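One structure below.
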Amino acid sequence: MRIDSRRLTKCVAAFAVTVVALAACASNPVADEKIAVAKASLQRAEASGAPEFAPVELATARDKLAGAEKANADRKLQPATMLAEQANVDAELAEATAQKQRSHKAAMEFDTSMQALRQESMRSSQPTQ
């Protein structure tokens, strides 16, 4: 049995090309994970009232997430990862901003209620003539 070196070389080359092609088709788990984390942060931000209280930050997060998904689909892995991380941070900022605004609104409503209560208390404590 004699092995033809040309045939062996062609088989090895074909195998190498197949491996490279399969590796190129495989998704990037790091970018996929970062995109999933950014999506979860975006959902939390939306649930926290960001559409009302932090629309600019929320829109920025959405835009960056869309860019990350496009870059990932185009196999631009580093930009996909970076945009997903930025989208996550922007979504967290939107959530924090919304929580701050809601807390401020609640505090203002509490102050208004306390002031009304004080005024009512003052009226009822004044002597009637």
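Residues are named by chain letter and number: chains run A, B, ... in the order of the structure tokens, numbers start at 1 in each chain, and ligands are numbered from 1 in the order shown.
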Next on the checklist: Can you pull out the residues contacting range 85-99 of chain A? Cut-off 7 Å, using only C-alpha atoms, and skip same-chain residues under 2 positions away; I want them as a ChimeraX atom specification.
Outcome noted: /A:34,37-38,41-42,44-45,48-50,53-54,57-58,60-62,64-65,81-83,101-103
Checklist entry - Leaving out Pro79 in chain A and any residue of its chain fewer than 3 positions from it, which residues lie within 10 Å of it when counting only C-alpha atoms, given as a VMD selection string? => result chain A and resid 31 67 to 72 75 to 76 82 to 85
Checklist entry - CA of Glu46 in chain A to CA of Ala66 in chain A: how many Å, to one decimal? => result 15.9 Å
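As for CA of Ser113 in chain A and CA of Glu52 in chain A, they are spaced 23.3 Å apart.
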